$ cat structure.pdb   # PDB, C-alpha atoms
ATOM      1  CA  MET A   1      38.169 171.488  59.504
ATOM      2  CA  ASP A   2      41.117 169.680  61.099
ATOM      3  CA  GLU A   3      42.170 169.817  64.741
ATOM      4  CA  ARG A   4      44.870 172.422  64.120
ATOM      5  CA  GLU A   5      42.468 174.820  62.417
ATOM      6  CA  ARG A   6      39.960 174.226  65.161
ATOM      7  CA  ALA A   7      42.486 174.948  67.903
ATOM      8  CA  LEU A   8      43.541 178.090  66.039
ATOM      9  CA  GLN A   9      39.928 179.214  65.792
ATOM     10  CA  VAL A  10      39.401 178.670  69.531
ATOM     11  CA  THR A  11      42.528 180.669  70.300
ATOM     12  CA  ASN A  12      41.635 183.504  67.912
ATOM     13  CA  THR A  13      38.057 183.825  69.136
ATOM     14  CA  THR A  14      39.084 183.704  72.770
ATOM     15  CA  THR A  15      41.871 186.210  72.186
ATOM     16  CA  ASP A  16      39.458 188.583  70.426
ATOM     17  CA  GLN A  17      36.959 188.330  73.251
ATOM     18  CA  LEU A  18      39.644 188.853  75.870
ATOM     19  CA  ALA A  19      41.024 191.833  73.950
ATOM     20  CA  LEU A  20      37.564 193.388  73.941
ATOM     21  CA  TYR A  21      37.187 192.599  77.626
ATOM     22  CA  ASP A  22      40.542 194.190  78.454
ATOM     23  CA  ARG A  23      39.682 197.315  76.464
ATOM     24  CA  TYR A  24      36.018 197.799  77.350
ATOM     25  CA  GLY A  25      35.363 195.520  80.363
ATOM     26  CA  SER A  26      35.625 198.296  82.941
ATOM     27  CA  MET A  27      33.437 200.618  80.909
ATOM     28  CA  ALA A  28      30.781 197.936  80.426
ATOM     29  CA  TYR A  29      30.904 197.018  84.119
ATOM     30  CA  GLY A  30      30.339 200.668  85.032
ATOM     31  CA  ILE A  31      27.287 200.815  82.761
ATOM     32  CA  ILE A  32      25.878 197.539  84.070
ATOM     33  CA  LEU A  33      26.313 198.706  87.667
ATOM     34  CA  GLN A  34      24.328 201.843  86.853
ATOM     35  CA  ILE A  35      21.391 199.605  85.907
ATOM     36  CA  ILE A  36      21.954 196.708  88.312
ATOM     37  CA  PRO A  37      23.609 197.987  91.504
ATOM     38  CA  GLN A  38      24.156 194.452  92.882
ATOM     39  CA  PRO A  39      27.807 193.572  92.050
ATOM     40  CA  GLN A  40      27.242 189.803  91.950
ATOM     41  CA  GLN A  41      24.421 190.112  89.444
ATOM     42  CA  ALA A  42      26.348 192.738  87.478
ATOM     43  CA  GLU A  43      29.370 190.417  87.212
ATOM     44  CA  LYS A  44      27.163 187.691  85.732
ATOM     45  CA  VAL A  45      25.858 190.095  83.100
ATOM     46  CA  LEU A  46      29.387 191.250  82.306
ATOM     47  CA  VAL A  47      30.605 187.681  81.708
ATOM     48  CA  GLU A  48      27.517 186.962  79.636
ATOM     49  CA  LEU A  49      28.144 190.090  77.563
ATOM     50  CA  PHE A  50      31.737 189.260  76.684
ATOM     51  CA  THR A  51      31.019 185.592  75.962
ATOM     52  CA  ALA A  52      27.875 186.259  73.925
ATOM     53  CA  SER A  53      27.955 184.813  70.430
ATOM     54  CA  ASP A  54      26.436 187.986  68.994
ATOM     55  CA  LEU A  55      29.237 190.167  70.401
ATOM     56  CA  GLN A  56      31.715 189.158  67.700
ATOM     57  CA  SER A  57      29.258 189.772  64.894
ATOM     58  CA  SER A  58      28.153 193.098  66.376
ATOM     59  CA  VAL A  59      31.635 194.523  66.761
ATOM     60  CA  ALA A  60      32.648 193.202  63.339
ATOM     61  CA  TYR A  61      30.043 195.504  61.795
ATOM     62  CA  PRO A  62      31.651 198.780  60.703
ATOM     63  CA  GLY A  63      31.048 201.346  63.379
ATOM     64  CA  ASN A  64      32.172 202.412  66.800
ATOM     65  CA  ILE A  65      32.967 199.312  68.893
ATOM     66  CA  ALA A  66      32.644 201.181  72.192
ATOM     67  CA  LEU A  67      29.150 202.361  71.252
ATOM     68  CA  GLU A  68      28.128 198.856  70.277
ATOM     69  CA  ILE A  69      29.362 197.539  73.629
ATOM     70  CA  ILE A  70      27.586 200.361  75.486
ATOM     71  CA  ARG A  71      24.307 199.443  73.764
ATOM     72  CA  MET A  72      24.780 195.720  74.354
ATOM     73  CA  ALA A  73      25.774 196.203  78.010
ATOM     74  CA  ARG A  74      22.670 198.315  78.595
ATOM     75  CA  ALA A  75      20.384 195.870  76.782
ATOM     76  CA  LYS A  76      21.749 192.843  78.621
ATOM     77  CA  ALA A  77      21.623 194.572  82.004
ATOM     78  CA  LEU A  78      18.007 195.638  81.462
ATOM     79  CA  GLU A  79      17.104 192.114  80.317
ATOM     80  CA  ALA A  80      18.781 190.551  83.361
ATOM     81  CA  ARG A  81      17.089 193.040  85.669
ATOM     82  CA  ASP A  82      13.670 192.230  84.200
ATOM     83  CA  GLN A  83      14.292 188.472  84.369
ATOM     84  CA  SER A  84      15.490 188.501  87.953
ATOM     85  CA  GLY A  85      12.569 190.682  89.001
ATOM     86  CA  LEU A  86      14.803 193.354  90.455
ATOM     87  CA  SER A  87      12.904 196.518  91.077
ATOM     88  CA  LEU A  88      13.445 199.588  88.974
ATOM     89  CA  MET A  89      15.857 202.104  90.413
ATOM     90  CA  GLN A  90      14.002 205.073  91.699
ATOM     91  CA  PRO A  91      14.362 208.235  89.657
ATOM     92  CA  GLU A  92      16.721 210.772  91.106
ATOM     93  CA  THR A  93      13.924 213.272  91.360
ATOM     94  CA  SER A  94      10.279 212.794  92.100
ATOM     95  CA  GLY A  95       7.447 214.555  90.314
ATOM     96  CA  ILE A  96       7.854 216.653  87.215
ATOM     97  CA  PRO A  97      11.483 217.756  86.937
ATOM     98  CA  SER A  98      12.511 221.363  86.516
ATOM     99  CA  LYS A  99      13.939 222.606  83.262
ATOM    100  CA  THR A 100      17.489 222.524  84.621
ATOM    101  CA  ASN A 101      17.554 218.869  85.635
ATOM    102  CA  LEU A 102      15.229 217.611  82.899
ATOM    103  CA  PRO A 103      18.041 216.336  80.608
ATOM    104  CA  GLU A 104      19.551 214.287  83.422
ATOM    105  CA  VAL A 105      16.195 212.890  84.500
ATOM    106  CA  VAL A 106      15.302 211.942  80.926
ATOM    107  CA  PHE A 107      18.677 210.283  80.428
ATOM    108  CA  ASP A 108      18.268 208.404  83.695
ATOM    109  CA  MET A 109      14.791 207.183  82.797
ATOM    110  CA  THR A 110      15.601 206.162  79.239
ATOM    111  CA  PHE A 111      19.106 204.796  79.540
ATOM    112  CA  ARG A 112      19.319 203.488  83.094
ATOM    113  CA  GLN A 113      15.736 202.546  83.774
ATOM    114  CA  GLY A 114      14.886 201.338  80.309
ATOM    115  CA  TYR A 115      11.761 203.389  79.665
ATOM    116  CA  SER A 116      10.954 204.021  76.022
ATOM    117  CA  ILE A 117      10.931 207.599  74.795
ATOM    118  CA  ASP A 118       7.136 207.470  74.474
ATOM    119  CA  ALA A 119       6.794 206.198  78.035
ATOM    120  CA  VAL A 120       9.027 208.975  79.364
ATOM    121  CA  ALA A 121       7.012 211.554  77.423
ATOM    122  CA  GLU A 122       3.834 210.214  78.969
ATOM    123  CA  LYS A 123       5.251 210.051  82.487
ATOM    124  CA  LEU A 124       6.710 213.539  82.392
ATOM    125  CA  GLN A 125       3.784 214.931  80.417
ATOM    126  CA  LEU A 126       6.017 216.141  77.620
ATOM    127  CA  ALA A 127       5.909 215.928  73.854
ATOM    128  CA  LYS A 128       8.123 213.238  72.320
ATOM    129  CA  GLY A 129      10.154 215.962  70.603
ATOM    130  CA  ASP A 130      10.890 217.573  73.977
ATOM    131  CA  VAL A 131      12.151 214.255  75.367
ATOM    132  CA  LEU A 132      14.480 213.867  72.389
ATOM    133  CA  LYS A 133      15.657 217.458  72.857
ATOM    134  CA  ALA A 134      16.349 216.737  76.524
ATOM    135  CA  ILE A 135      18.548 213.809  75.475
ATOM    136  CA  ARG A 136      20.382 216.159  73.113
ATOM    137  CA  ASP A 137      20.777 218.722  75.909
ATOM    138  CA  TYR A 138      22.333 216.011  78.059
ATOM    139  CA  TYR A 139      24.872 215.411  75.296
ATOM    140  CA  VAL A 140      25.666 219.110  75.135
ATOM    141  CA  PHE A 141      26.139 219.079  78.906
ATOM    142  CA  LEU A 142      28.485 216.082  78.612
ATOM    143  CA  ARG A 143      30.497 217.787  75.912
ATOM    144  CA  GLN A 144      30.926 220.874  78.046
ATOM    145  CA  ALA A 145      31.670 218.960  81.232
TER     146      ALA A 145
ATOM    147  CA  MET B 146      13.602 217.695  57.297
ATOM    148  CA  LYS B 147      16.776 219.745  56.933
ATOM    149  CA  THR B 148      19.961 218.248  58.335
ATOM    150  CA  SER B 149      20.353 221.137  60.796
ATOM    151  CA  GLU B 150      16.870 220.465  62.165
ATOM    152  CA  TYR B 151      17.615 216.769  62.233
ATOM    153  CA  LYS B 152      20.799 217.386  64.209
ATOM    154  CA  SER B 153      19.036 219.541  66.778
ATOM    155  CA  SER B 154      16.070 217.186  67.134
ATOM    156  CA  GLY B 155      17.928 214.798  69.435
ATOM    157  CA  ILE B 156      17.054 211.704  67.406
ATOM    158  CA  LEU B 157      20.704 211.080  66.557
ATOM    159  CA  GLU B 158      21.707 211.062  70.224
ATOM    160  CA  ALA B 159      18.842 208.741  71.060
ATOM    161  CA  TYR B 160      19.841 206.491  68.152
ATOM    162  CA  LEU B 161      23.415 206.217  69.402
ATOM    163  CA  LEU B 162      22.239 205.187  72.852
ATOM    164  CA  GLY B 163      19.955 202.539  71.373
ATOM    165  CA  LEU B 164      16.806 204.258  72.605
ATOM    166  CA  VAL B 165      14.914 204.454  69.316
ATOM    167  CA  SER B 166      12.527 201.936  67.779
ATOM    168  CA  ASP B 167      13.547 199.746  64.828
ATOM    169  CA  THR B 168      11.630 201.938  62.391
ATOM    170  CA  GLU B 169      13.286 205.094  63.709
ATOM    171  CA  LYS B 170      16.654 203.341  63.624
ATOM    172  CA  GLN B 171      16.236 202.494  59.948
ATOM    173  CA  GLY B 172      15.212 206.092  59.230
ATOM    174  CA  VAL B 173      18.283 207.461  61.012
ATOM    175  CA  GLU B 174      20.623 205.042  59.239
ATOM    176  CA  GLN B 175      19.138 206.013  55.901
ATOM    177  CA  MET B 176      19.632 209.704  56.687
ATOM    178  CA  ILE B 177      23.249 209.092  57.720
ATOM    179  CA  THR B 178      24.059 207.228  54.507
ATOM    180  CA  THR B 179      22.482 209.883  52.311
ATOM    181  CA  HIS B 180      23.920 212.896  54.177
ATOM    182  CA  PRO B 181      27.722 212.785  54.695
ATOM    183  CA  ASP B 182      27.668 215.799  57.018
ATOM    184  CA  LEU B 183      25.317 213.886  59.309
ATOM    185  CA  ALA B 184      27.723 210.945  59.291
ATOM    186  CA  LEU B 185      30.528 213.253  60.432
ATOM    187  CA  TYR B 186      28.317 214.725  63.126
ATOM    188  CA  VAL B 187      27.408 211.228  64.368
ATOM    189  CA  GLU B 188      31.096 210.333  64.569
ATOM    190  CA  GLU B 189      31.663 213.390  66.787
ATOM    191  CA  LEU B 190      28.746 212.344  68.989
ATOM    192  CA  GLU B 191      30.156 208.831  69.236
ATOM    193  CA  VAL B 192      33.475 210.152  70.494
ATOM    194  CA  THR B 193      31.709 212.325  73.094
ATOM    195  CA  LEU B 194      29.656 209.412  74.311
ATOM    196  CA  GLU B 195      32.617 207.039  74.413
ATOM    197  CA  ASN B 196      34.655 209.564  76.411
ATOM    198  CA  ARG B 197      31.755 210.065  78.798
ATOM    199  CA  PHE B 198      31.421 206.369  79.523
ATOM    200  CA  MET B 199      35.176 205.886  79.677
ATOM    201  CA  GLN B 200      35.206 208.368  82.552
ATOM    202  CA  GLY B 201      32.807 206.227  84.521
ATOM    203  CA  VAL B 202      34.769 202.971  84.351
ATOM    204  CA  VAL B 203      34.584 200.548  87.250
ATOM    205  CA  PRO B 204      37.275 197.844  87.239
ATOM    206  CA  PRO B 205      35.620 194.434  87.555
ATOM    207  CA  PRO B 206      37.087 191.792  89.929
ATOM    208  CA  PRO B 207      40.320 190.360  88.419
ATOM    209  CA  ASP B 208      39.134 186.730  88.422
ATOM    210  CA  LEU B 209      36.299 187.594  86.025
ATOM    211  CA  ARG B 210      38.808 187.735  83.169
ATOM    212  CA  GLU B 211      39.655 184.065  83.660
ATOM    213  CA  LEU B 212      35.970 183.231  83.748
ATOM    214  CA  VAL B 213      35.414 185.078  80.462
ATOM    215  CA  LYS B 214      38.339 183.176  78.910
ATOM    216  CA  LEU B 215      37.017 179.825  80.130
ATOM    217  CA  ARG B 216      33.464 180.493  78.946
ATOM    218  CA  ALA B 217      34.680 181.750  75.574
ATOM    219  CA  ASP B 218      36.720 178.564  75.045
ATOM    220  CA  GLN B 219      33.795 176.386  76.062
ATOM    221  CA  GLN B 220      31.450 178.155  73.685
ATOM    222  CA  VAL B 221      33.786 177.796  70.727
ATOM    223  CA  VAL B 222      34.211 174.076  71.428
ATOM    224  CA  LYS B 223      30.448 173.702  71.772
ATOM    225  CA  ARG B 224      29.858 175.517  68.484
ATOM    226  CA  ASN B 225      32.417 173.276  66.760
ATOM    227  CA  LYS B 226      30.702 170.170  68.110
ATOM    228  CA  GLN B 227      27.354 171.404  66.817
ATOM    229  CA  THR B 228      28.899 172.015  63.386
ATOM    230  CA  ASP B 229      30.382 168.497  63.418
ATOM    231  CA  ARG B 230      27.043 166.975  64.331
ATOM    232  CA  ARG B 231      25.334 168.907  61.553
ATOM    233  CA  GLN B 232      27.945 167.706  59.076
ATOM    234  CA  GLU B 233      27.597 164.115  60.286
ATOM    235  CA  ARG B 234      23.838 164.313  59.799
ATOM    236  CA  GLU B 235      24.346 165.489  56.230
ATOM    237  CA  GLN B 236      27.053 162.930  55.406
ATOM    238  CA  PRO B 237      25.317 159.489  55.860
ATOM    239  CA  THR B 238      23.484 159.790  52.530
ATOM    240  CA  GLN B 239      26.786 160.285  50.752
ATOM    241  CA  SER B 240      28.449 157.327  52.468
ATOM    242  CA  THR B 241      25.628 154.902  51.639
ATOM    243  CA  THR B 242      25.509 155.888  48.009
ATOM    244  CA  ASN B 243      29.258 155.560  47.545
ATOM    245  CA  SER B 244      30.246 152.152  48.904
ATOM    246  CA  THR B 245      33.870 152.434  47.746
ATOM    247  CA  ASP B 246      34.595 155.095  50.366
ATOM    248  CA  PHE B 247      36.349 153.610  53.366
ATOM    249  CA  VAL B 248      37.152 155.270  56.598
ATOM    250  CA  ASP B 249      40.848 154.973  57.296
ATOM    251  CA  VAL B 250      40.976 154.150  60.966
ATOM    252  CA  LYS B 251      44.420 154.206  62.527
ATOM    253  CA  VAL B 252      44.450 152.700  65.964
ATOM    254  CA  SER B 253      47.503 153.527  68.018
ATOM    255  CA  ASN B 254      45.876 152.866  71.357
ATOM    256  CA  THR B 255      46.487 149.370  72.790
ATOM    257  CA  HIS B 256      43.789 149.727  75.444
ATOM    258  CA  ILE B 257      40.301 148.427  74.954
ATOM    259  CA  GLN B 258      37.398 150.669  75.719
ATOM    260  CA  VAL B 259      34.192 149.388  77.235
ATOM    261  CA  HIS B 260      30.950 150.980  78.269
ATOM    262  CA  LYS B 261      30.955 152.689  81.671
ATOM    263  CA  TYR B 262      28.313 150.282  83.023
ATOM    264  CA  TRP B 263      30.926 147.523  82.879
ATOM    265  CA  ARG B 264      32.721 149.228  85.744
ATOM    266  CA  VAL B 265      29.728 148.609  88.025
ATOM    267  CA  ALA B 266      29.542 144.999  86.806
ATOM    268  CA  PHE B 267      33.250 144.420  87.491
ATOM    269  CA  ILE B 268      32.955 145.869  90.993
ATOM    270  CA  ALA B 269      29.899 143.728  91.719
ATOM    271  CA  VAL B 270      31.651 140.554  90.498
ATOM    272  CA  PHE B 271      34.735 141.418  92.565
ATOM    273  CA  ILE B 272      32.711 141.939  95.765
ATOM    274  CA  LEU B 273      30.671 138.752  95.198
ATOM    275  CA  GLY B 274      33.932 136.845  94.608
ATOM    276  CA  LYS B 275      35.273 138.060  97.941
ATOM    277  CA  ILE B 276      32.053 137.057  99.717
ATOM    278  CA  PHE B 277      32.101 133.555  98.216
ATOM    279  CA  LEU B 278      35.779 133.147  99.099
ATOM    280  CA  ALA B 279      35.134 134.140 102.710
ATOM    281  CA  PHE B 280      32.142 131.767 102.849
ATOM    282  CA  GLY B 281      34.204 128.913 101.370
ATOM    283  CA  LEU B 282      37.019 129.425 103.864
ATOM    284  CA  TYR B 283      34.513 129.521 106.699
ATOM    285  CA  GLN B 284      32.935 126.252 105.565
ATOM    286  CA  TYR B 285      36.355 124.636 105.171
ATOM    287  CA  PHE B 286      37.532 125.510 108.663
ATOM    288  CA  LYS B 287      34.165 124.581 110.091
ATOM    289  CA  GLY B 288      34.332 121.167 108.423
ATOM    290  CA  GLN B 289      37.835 120.595 109.765
ATOM    291  CA  ALA B 290      36.738 121.506 113.268
ATOM    292  CA  GLN B 291      33.787 119.102 112.986
ATOM    293  CA  GLU B 292      36.060 116.264 111.851
ATOM    294  CA  GLN B 293      38.391 116.823 114.788
ATOM    295  CA  GLU B 294      35.406 116.842 117.120
ATOM    296  CA  ILE B 295      34.121 113.556 115.669
ATOM    297  CA  GLU B 296      37.556 111.966 116.074
ATOM    298  CA  ARG B 297      37.754 113.137 119.645
ATOM    299  CA  LEU B 298      34.304 111.748 120.400
ATOM    300  CA  ASN B 299      35.165 108.439 118.746
ATOM    301  CA  ARG B 300      38.246 108.123 120.920
ATOM    302  CA  GLN B 301      36.190 108.909 123.983
ATOM    303  CA  ILE B 302      33.616 106.237 123.105
ATOM    304  CA  GLN B 303      36.348 103.682 122.467
ATOM    305  CA  GLN B 304      37.902 104.440 125.842
ATOM    306  CA  GLN B 305      34.519 104.003 127.548
ATOM    307  CA  THR B 306      33.730 100.677 125.831
ATOM    308  CA  THR B 307      37.142  99.083 126.559
ATOM    309  CA  PRO B 308      36.553  96.429 129.392
ATOM    310  CA  ILE B 309      38.292  97.061 132.683
ATOM    311  CA  THR B 310      40.546  94.131 133.559
ATOM    312  CA  PRO B 311      40.288  93.073 137.206
ATOM    313  CA  LYS B 312      43.485  93.234 139.242
TER     314      LYS B 312
END

$ encode --input "structure.pdb" --output "structure tokens"
Amino acid sequence: MDERERALQVTNTTTDQLALYDRYGSMAYGIILQIIPQPQQAEKVLVELFTASDLQSSVAYPGNIALEIIRMARAKALEARDQSGLSLMQPETSGIPSKTNLPEVVFDMTFRQGYSIDAVAEKLQLAKGDVLKAIRDYYVFLRQA
Amino acid sequence: MKTSEYKSSGILEAYLLGLVSDTEKQGVEQMITTHPDLALYVEELEVTLENRFMQGVVPPPPDLRELVKLRADQQVVKRNKQTDRRQEREQPTQSTTNSTDFVDVKVSNTHIQVHKYWRVAFIAVFILGKIFLAFGLYQYFKGQAQEQEIERLNRQIQQQTTPITPK
């Protein structure tokens, strides 16, 4: 590979990453802040996300780019939170949630706090199927909102 | 499981958010590829989710964009260097087996390049040179002053030893 090709590759890769950042940077930052409320730490994760070597390969895979970035932003934020020893955000409600706010609580615990579906089922004393249904109900709520 | 039951189970939503295990993920992907109506349904869900997260955007500080650009450039250069090193490691066997291959080196630079430790050596030699020069000058002027002093003393002795003629 000669110098010209190399320079072109640097420019293309950087342009692609910047294009992704311009399109989805604000969305990813919003997601990261939901998991890590400290802006300084969240900014670090955001830069790491858009300069990650696996970002290009992930978005190149056929599928929804926004969804891929949402998943990566969440995963990286949770990883950074665990590494830095930041405490888990407290759930919005304490105790066993009522039927009306269950979807939101389940979404909060799974997506924002990083609990697995099994762990949420155990914590809320629900069947795994009910936790999945609560996630679906949250989607329905989002669609109607 | 029927597709309608599958749709209402919530597994697809959990899959899209990345909340399922690897085994469940593979199962969902298999179902999507074998059932086109599920694929369409997933696309609808993706749009809903994207719209939801697009509503909650938070603009990051403007200078972060420059940082992303800088880091991205650095990483590409680093990756290229690693590729070069890997290629260099693979190449020596070829170059030793084929002795007729010459590297065409074109030197357009008239400067010589030396190791960075030479800088320290040059500075040390320069400082020592200055010290020796100052010491030499000191010795020279000191010697001159001593000679003048000796001459003065000689003259004094001569004046003292000269007999005084009586009037």

$ closest_residue --input "structure.pdb" --among "A:Ala73, A:Val105, A:Ile35, A:Val131" --to "Ala119 (chain A)" --atoms "only C-alpha atoms"
A:Val131

$ closest_atom_pairs --input "structure.pdb" --of "chain B" --to "chain A" --cutoff "10 Å" --atoms "only C-alpha atoms" --output "Markdown table"
| residue | atom | partner | partner_atom | distance |
| --- | --- | --- | --- | --- |
| B:Lys152 | CA | A:Arg136 | CA | 9.0 |
| B:Ser153 | CA | A:Lys133 | CA | 7.3 |
| B:Ser154 | CA | A:Lys133 | CA | 5.7 |
| B:Gly155 | CA | A:Arg136 | CA | 4.6 |
| B:Ile156 | CA | A:Leu132 | CA | 6.0 |
| B:Leu157 | CA | A:Arg136 | CA | 8.3 |
| B:Glu158 | CA | A:Arg136 | CA | 6.0 |
| B:Ala159 | CA | A:Ile135 | CA | 6.7 |
| B:Leu161 | CA | A:Leu67 | CA | 7.2 |
| B:Leu162 | CA | A:Arg71 | CA | 6.2 |
| B:Gly163 | CA | A:Arg71 | CA | 5.9 |
| B:Leu164 | CA | A:Ser116 | CA | 6.8 |
| B:Val165 | CA | A:Ile117 | CA | 7.5 |
| B:Ser166 | CA | A:Ser116 | CA | 8.6 |
| B:Glu188 | CA | A:Asn64 | CA | 8.3 |
| B:Leu190 | CA | A:Tyr139 | CA | 8.0 |
| B:Glu191 | CA | A:Leu67 | CA | 6.9 |
| B:Val192 | CA | A:Asn64 | CA | 8.7 |
| B:Thr193 | CA | A:Arg143 | CA | 6.3 |
| B:Leu194 | CA | A:Leu67 | CA | 7.7 |
| B:Glu195 | CA | A:Ala66 | CA | 6.3 |
| B:Asn196 | CA | A:Arg143 | CA | 9.2 |
| B:Arg197 | CA | A:Leu142 | CA | 6.9 |
| B:Phe198 | CA | A:Met27 | CA | 6.2 |
| B:Met199 | CA | A:Met27 | CA | 5.7 |
| B:Gln200 | CA | A:Met27 | CA | 8.1 |
| B:Gly201 | CA | A:Gly30 | CA | 6.1 |
| B:Val202 | CA | A:Met27 | CA | 4.4 |
| B:Val203 | CA | A:Gly30 | CA | 4.8 |
| B:Pro204 | CA | A:Ser26 | CA | 4.6 |
| B:Pro205 | CA | A:Ser26 | CA | 6.0 |
| B:Pro206 | CA | A:Glu43 | CA | 8.3 |
| B:Leu209 | CA | A:Val47 | CA | 7.1 |
| B:Arg210 | CA | A:Leu18 | CA | 7.4 |
| B:Glu211 | CA | A:Leu18 | CA | 9.1 |
| B:Leu212 | CA | A:Val47 | CA | 7.3 |
| B:Val213 | CA | A:Val47 | CA | 5.6 |
| B:Lys214 | CA | A:Thr14 | CA | 6.2 |
| B:Leu215 | CA | A:Thr14 | CA | 8.6 |
| B:Arg216 | CA | A:Thr51 | CA | 6.4 |
| B:Ala217 | CA | A:Thr51 | CA | 5.3 |
| B:Asp218 | CA | A:Thr14 | CA | 6.1 |
| B:Gln219 | CA | A:Val10 | CA | 8.9 |
| B:Gln220 | CA | A:Thr51 | CA | 7.8 |
| B:Val221 | CA | A:Val10 | CA | 5.8 |
| B:Val222 | CA | A:Val10 | CA | 7.2 |
| B:Arg224 | CA | A:Ser53 | CA | 9.7 |
| B:Asn225 | CA | A:Arg6 | CA | 7.8 |
| B:Asp229 | CA | A:Met1 | CA | 9.2 |

$ atom_distance --input "structure.pdb" --atom1 "CA of Asp182 (chain B)" --atom2 "CA of Asp167 (chain B)"
22.8 Å

$ atom_distance --input "structure.pdb" --atom1 "CA of Ala77 (chain A)" --atom2 "CA of Asp54 (chain A)"
15.4 Å

$ atom_distance --input "structure.pdb" --atom1 "CA of Glu150 (chain B)" --atom2 "CA of Met109 (chain A)"
24.6 Å

$ axis_aligned_box --input "structure.pdb" --around "region 227-237 of chain B" --padding-each-side "8 Å" --output "AutoDock Vina command-line options"
--center_x 27.1 --center_y 165.8 --center_z 61.1 --size_x 22.5 --size_y 28.5 --size_z 27.4
